[in-house]
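Engineer: Below is the structure I would like to discuss, written out as structure tokens.
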Amino acid sequence: MKAEIITIGDEILIGQIVDTNSAYLGKALNTIGIDVYQITSIQDEKQHIIEALTAARNRVDVVLITGGLGPTKDDITKHTLCDFFEDKLVEDVTVLQHIESLFEKYISSPISEVHKKQALIPSRAIALHNEVGTAPGMWIFDNNTVFISMPGVPFEMKGLMQKEVLPRLQKQFDRPYILHKTVVTYGKGESTIAAIIEDWENNLPEFIKLAYLPDLGKVRLRLSARGSEKAVLEKALKEQLAVLQTLIGDIIAGYEDDSSLEQVIGALLVAQNKTLAIAESCTGGQIAAGFTKNAGASRFFKGGVVTYATTSKIAVLDVDPTIIKKHSVTSTQVAQAMALGAQQKFNADFAIATTGNAGPTQGDGDVEVGTVFIAIATPATVFSERFEFSNSRERTIGKTVQKALEMLRKEILNP
């Protein structure tokens with residue numbers, strides 16, 4: 001069973017916003033056994049929308065449309081749907097009552113005629129209740145194809161998908177099971193991993209496919225199983241993952257669907273009753289942000305500082321100025337001094353420190369762009385490593401974050 005996602009909006013095409021809706025919709029559909037055949041982004045223009053709908057109708061079973069619904073004149077989707085299906089707009093009383101209730105509860109100004117018009121939908125459409133917005137979703141079944149239109153506002157679209165669209169799709173269509181398990185690895189590159197697991201990969205059952213997903217400092221291995229019996233797929237995935245663990249268990253950090261590396265490290269620290277502090281320079285607080293975005297980080301994370309300037313390293317972390325003068329602010333000696341300074345200042349068991357030149361200019365140090373030093377202070381020692389990452393600022397920072405986490409995890413597991 002195939003679906004196509006059509007996102008409507010000039011703001012997507014000119015790069016003003018990132019199309020996160022398509023990523024969410026693709027993942028949501030896949031969880032109920034529906035493959036996404038194509039994703040299309042188009043202009044807020046009637047003929048362009050009609051052409052996209054015509055093409056989609058000829059190749060998929062489900063068409064999901066986001067955008068172009070709302071009270072303003074450039075929201076033309078439902079009018080275009082009327083032209084496409086040779087239909088007319090009619091007022092849906094239930095939708096109108098919902099709009100009126102939203103205005104009564106949350107909006108001080110009286111409801112306008114413009115907002116009331118959002119209760120108009122094509123006569124062939126089933127209105128999908130938008131709990132948090134005024135524009136309803138719409139479900140139209142035509143010649144064995146379902147057309148589903150939703151607002152482009154992400155939180156409105158997600159609510160409609162979870163409460164209206166997915167349950168209806170599951171009820172109306174027979175679908176295969178599609179199960180994914182993504183293994184997250186750190187410490188080895190894609191080609192190295194491929195060589196190690198080559199025989200295992202070649203002997204995977206036909207209904208299980210492997211994909212390599214390299215990213216900054218990590219490689220994700222996604223196993224996808226498809227079939228009619230869920231229990232059979234779950235058993236096969238479990239068996240194959242057990243074999244994979246014997247081959248590359250030393251670099252497996254966890255599973256993407258379960259938790260991030262920051263969550264894995266946090267759980268390890270809590271289990272050992274240990275704490276963490278962070279001193280960042282070139283990473284600008286991104287390591288600390290990765291930990292604190294997760295609930296419960298206060299159980300192990302004592303605090304962090306961004307000592308971006310040389311003077312801050314001296315004033316905040318008590319880095320000896322003579323060390324900086326002798327070895328440069330971007331050096332193994334300064335990285336270790338930063339880690340020890342954070343460890344002592346926050347009275348933590350472990351500490352991470354980063355210093356380097358992410359570019360594009362030379363900065364305070366005398367190393368080449370892409371050179372980074374990462375230090376880890378443990379209850380017993382402190383050490384650092386030098387890395388030559390990239391001449392891209394974004395990639396250097398991203399790789400530094402990932403490598404620092406990898407180094408810390410290794411030390412926690414092997415005290």
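By order of appearance in the structure tokens: chains A, B, ..., then residues from 1 within every chain, and ligands from 1 in the order shown.
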DSSP on the backbone, strand (DSSP E or B) only: what residues of stretch 25-63 of chain A does that give? Format it as a list in words.
Structural biologist: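 Of stretch 25-63 of chain A, only Asp35, Val36, Tyr37, Gln38, Ile39, Thr40, Ser41, Ile42, Val62 and Val63 of chain A fall in strand (DSSP E or B).
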Engineer: So that I have them on file, write out the residues from the current selection with N, CA, C and O atoms, as a compact mmCIF listing (two decimals), in the first residue's frame.
Structural biologist:
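Listing of out05.txt after writing:
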# COMPACT_ATOMS: atom_id res chain seq x y z
N ASP A 35 3.67 2.49 2.90
CA ASP A 35 4.89 3.03 2.32
C ASP A 35 4.64 4.40 1.72
O ASP A 35 3.62 4.61 1.06
N VAL A 36 5.57 5.32 1.92
CA VAL A 36 5.50 6.61 1.24
C VAL A 36 6.22 6.49 -0.09
O VAL A 36 7.43 6.23 -0.15
N TYR A 37 5.48 6.64 -1.16
CA TYR A 37 6.02 6.50 -2.52
C TYR A 37 6.69 7.78 -2.98
O TYR A 37 7.70 7.74 -3.68
N GLN A 38 6.14 8.92 -2.59
CA GLN A 38 6.70 10.19 -3.06
C GLN A 38 6.29 11.31 -2.12
O GLN A 38 5.21 11.29 -1.52
N ILE A 39 7.19 12.30 -1.99
CA ILE A 39 6.90 13.54 -1.26
C ILE A 39 7.06 14.70 -2.23
O ILE A 39 8.09 14.82 -2.90
N THR A 40 6.03 15.54 -2.32
CA THR A 40 6.04 16.64 -3.27
C THR A 40 5.73 17.94 -2.55
O THR A 40 4.79 18.01 -1.75
N SER A 41 6.51 18.98 -2.82
CA SER A 41 6.23 20.32 -2.29
C SER A 41 5.86 21.22 -3.45
O SER A 41 6.57 21.27 -4.46
N ILE A 42 4.74 21.94 -3.32
CA ILE A 42 4.24 22.73 -4.43
C ILE A 42 3.83 24.13 -3.96
O ILE A 42 3.68 24.40 -2.78
N VAL A 62 -3.22 6.48 -1.00
CA VAL A 62 -3.52 7.52 -0.02
C VAL A 62 -2.74 8.78 -0.38
O VAL A 62 -1.53 8.71 -0.63
N VAL A 63 -3.43 9.92 -0.43
CA VAL A 63 -2.77 11.20 -0.69
C VAL A 63 -2.99 12.08 0.54
O VAL A 63 -4.13 12.37 0.91
Engineer: Stretch 7-23 of chain A: which residues within 10 Å, counting only C-alpha atoms, same-chain residues fewer than 6 positions away excluded, as number ranges by chain?
Structural biologist: A: 36, 39-45, 48-49, 64-69, 74-77, 149-155, 157-158
Engineer: Quick one: residues within 9 Å of A:Tyr308, only C-alpha atoms counted, chain neighbours fewer than 4 positions away excluded, as a list in words?
Structural biologist: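 Once the nearby chain positions are removed, what remains is Glu280, Ser281, Cys282, Thr283, Gly284, Ser312, Lys313 and Thr355 of chain A.
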Engineer: Just the number, please: distance in Å from atom CA of A:His129 to atom CA of A:Thr54, one decimal.
Structural biologist: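 Separation of atom CA of A:His129 and atom CA of A:Thr54: 26.2 Å.
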Engineer: Under the rule that only C-alpha atoms are counted, which of A:Leu210, A:Val306, A:Leu340, A:Ile126 is the nearest residue to A:Val95?
Structural biologist: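 Counting only C-alpha atoms, the residue closest to A:Val95 is A:Ile126.
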Engineer: May I have the residues within 6 Å of stretch 324-338 of chain A as a ChimeraX atom specification, using only C-alpha atoms and disregarding those fewer than 5 positions away in the same chain?
Structural biologist: /A:319,353,355-356,365,373,375,384
Engineer: Atoms to include: C-alpha atoms. Write the selected residues as a PDB file, in the first residue's frame.
Structural biologist:
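Dumped everything to out-v4.pdb:
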ATOM      1  CA  VAL A 319      43.240  27.723  33.796  1.00  0.00           C
ATOM      2  CA  ALA A 353      35.969  19.875  28.088  1.00  0.00           C
ATOM      3  CA  THR A 355      38.568  23.569  22.916  1.00  0.00           C
ATOM      4  CA  GLY A 356      39.420  23.988  19.277  1.00  0.00           C
ATOM      5  CA  GLY A 365      44.608  29.655  19.024  1.00  0.00           C
ATOM      6  CA  PHE A 373      40.946  18.885  21.692  1.00  0.00           C
ATOM      7  CA  ALA A 375      39.339  16.178  27.503  1.00  0.00           C
ATOM      8  CA  SER A 384      42.594  14.378  26.198  1.00  0.00           C
TER       9      SER A 384
END
Engineer: Report, in Å to a single decimal, how far apart atom CA of A:Asp142 and atom CA of A:Val114 are.
Structural biologist: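 Those two atoms sit 29.0 Å apart.
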Engineer: Among stretch 168-273 of chain A, which ones does DSSP assign to helix (DSSP H, G or I) (computed from the backbone)? Answer as a PyMOL selection string.
Structural biologist: chain A and resi 168-172+190-196+198-202+230-251+261-272
Engineer: Name all residues at most 7 Å from stretch 174-183 of chain A (count only C-alpha atoms; drop same-chain ones fewer than 3 positions away) and give them as a ChimeraX atom specification.
Structural biologist: /A:1,30-34,220-228,230,252,254-257
Engineer: For stretch 131-140 of chain A, find every residue with an atom within 6 Å (counting only C-alpha atoms), except residues of its own chain fewer than 3 positions away, and show them as an mmCIF file with N, CA and C atoms, in the first residue's frame.
Structural biologist:
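The resulting file, selection_23.cif, is shown below:
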data_model
loop_
_atom_site.group_PDB
_atom_site.id
_atom_site.type_symbol
_atom_site.label_atom_id
_atom_site.label_comp_id
_atom_site.auth_asym_id
_atom_site.auth_seq_id
_atom_site.Cartn_x
_atom_site.Cartn_y
_atom_site.Cartn_z
ATOM 1 N N GLY A 70 -7.017 27.695 6.116
ATOM 2 C CA GLY A 70 -7.022 28.754 7.120
ATOM 3 C C GLY A 70 -7.940 29.884 6.695
ATOM 4 N N ILE A 99 -15.586 26.015 16.149
ATOM 5 C CA ILE A 99 -14.929 27.310 15.968
ATOM 6 C C ILE A 99 -15.484 28.324 16.960
ATOM 7 N N GLN A 118 -14.458 28.981 7.699
ATOM 8 C CA GLN A 118 -13.638 27.775 7.818
ATOM 9 C C GLN A 118 -14.501 26.538 8.064
ATOM 10 N N ALA A 125 -16.716 15.662 1.445
ATOM 11 C CA ALA A 125 -15.682 15.432 2.468
ATOM 12 C C ALA A 125 -16.281 15.077 3.814
ATOM 13 N N ILE A 126 -15.557 14.249 4.539
ATOM 14 C CA ILE A 126 -15.833 14.007 5.954
ATOM 15 C C ILE A 126 -14.937 14.966 6.742
ATOM 16 N N ALA A 127 -15.530 15.761 7.614
ATOM 17 C CA ALA A 127 -14.741 16.695 8.425
ATOM 18 C C ALA A 127 -13.983 15.932 9.505
ATOM 19 N N LEU A 128 -12.707 16.232 9.631
ATOM 20 C CA LEU A 128 -11.867 15.637 10.666
ATOM 21 C C LEU A 128 -11.669 16.672 11.770
ATOM 22 N N VAL A 146 -7.870 7.608 -1.166
ATOM 23 C CA VAL A 146 -8.267 8.512 -0.094
ATOM 24 C C VAL A 146 -7.424 9.782 -0.185
ATOM 25 N N PHE A 147 -8.099 10.911 -0.215
ATOM 26 C CA PHE A 147 -7.437 12.212 -0.176
ATOM 27 C C PHE A 147 -7.689 12.817 1.200
ATOM 28 N N ILE A 148 -6.611 13.155 1.901
ATOM 29 C CA ILE A 148 -6.712 13.687 3.261
ATOM 30 C C ILE A 148 -6.018 15.038 3.294
ATOM 31 N N SER A 149 -6.767 16.062 3.653
ATOM 32 C CA SER A 149 -6.220 17.412 3.714
ATOM 33 C C SER A 149 -6.168 17.885 5.160
ATOM 34 N N MET A 150 -5.018 18.440 5.548
ATOM 35 C CA MET A 150 -4.825 18.903 6.922
ATOM 36 C C MET A 150 -4.129 20.258 6.926
#
Engineer: Excluding stretch 78-91 of chain A and residues on its chain fewer than 4 positions from it, collect all residues at most 8 Å away from it, counting only C-alpha atoms, and give them as a list in words.
Structural biologist: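 After dropping sequence-adjacent residues, the list is Lys46, Ile49, Ile50, Gly68, Leu69, Leu96, Lys117, Ala119, Leu120, Ile121, Pro122, Ser123 and Arg124 of chain A.
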Engineer: Counting only C-alpha atoms, figure out which residue out of A:Ala289, A:Ile352, A:Ala309, A:Ala3 gets nearest to A:Leu169.
Structural biologist: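 Answer, going by the shortest atom-to-atom distance: A:Ala3.
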Engineer: With only C-alpha atoms as the basis for distance, which of A:Gln286, A:Thr145, A:Gln170, A:Gln97 is at the shortest distance from A:Gly398?
Structural biologist: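 Closest candidate: A:Gln286.
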Engineer: Using atom CA of A:Glu406 and atom CA of A:Leu261 as the two end points, give the distance in Å to one decimal.
Structural biologist: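 Between these atoms lies a distance of 8.2 Å.
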Engineer: Which residue out of A:Thr361, A:Gln343, A:Thr400, A:Ser390 has the minimum interatomic distance to A:Ile278 when only C-alpha atoms are used?
Structural biologist: A:Gln343
Engineer: Given the choices A:Ile412, A:Lys2, A:Thr275, A:Val219, which gets closest to A:Val60 if the distance is worked out from only C-alpha atoms?
Structural biologist: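 Of the candidates, the smallest distance to A:Val60 is held by A:Lys2.
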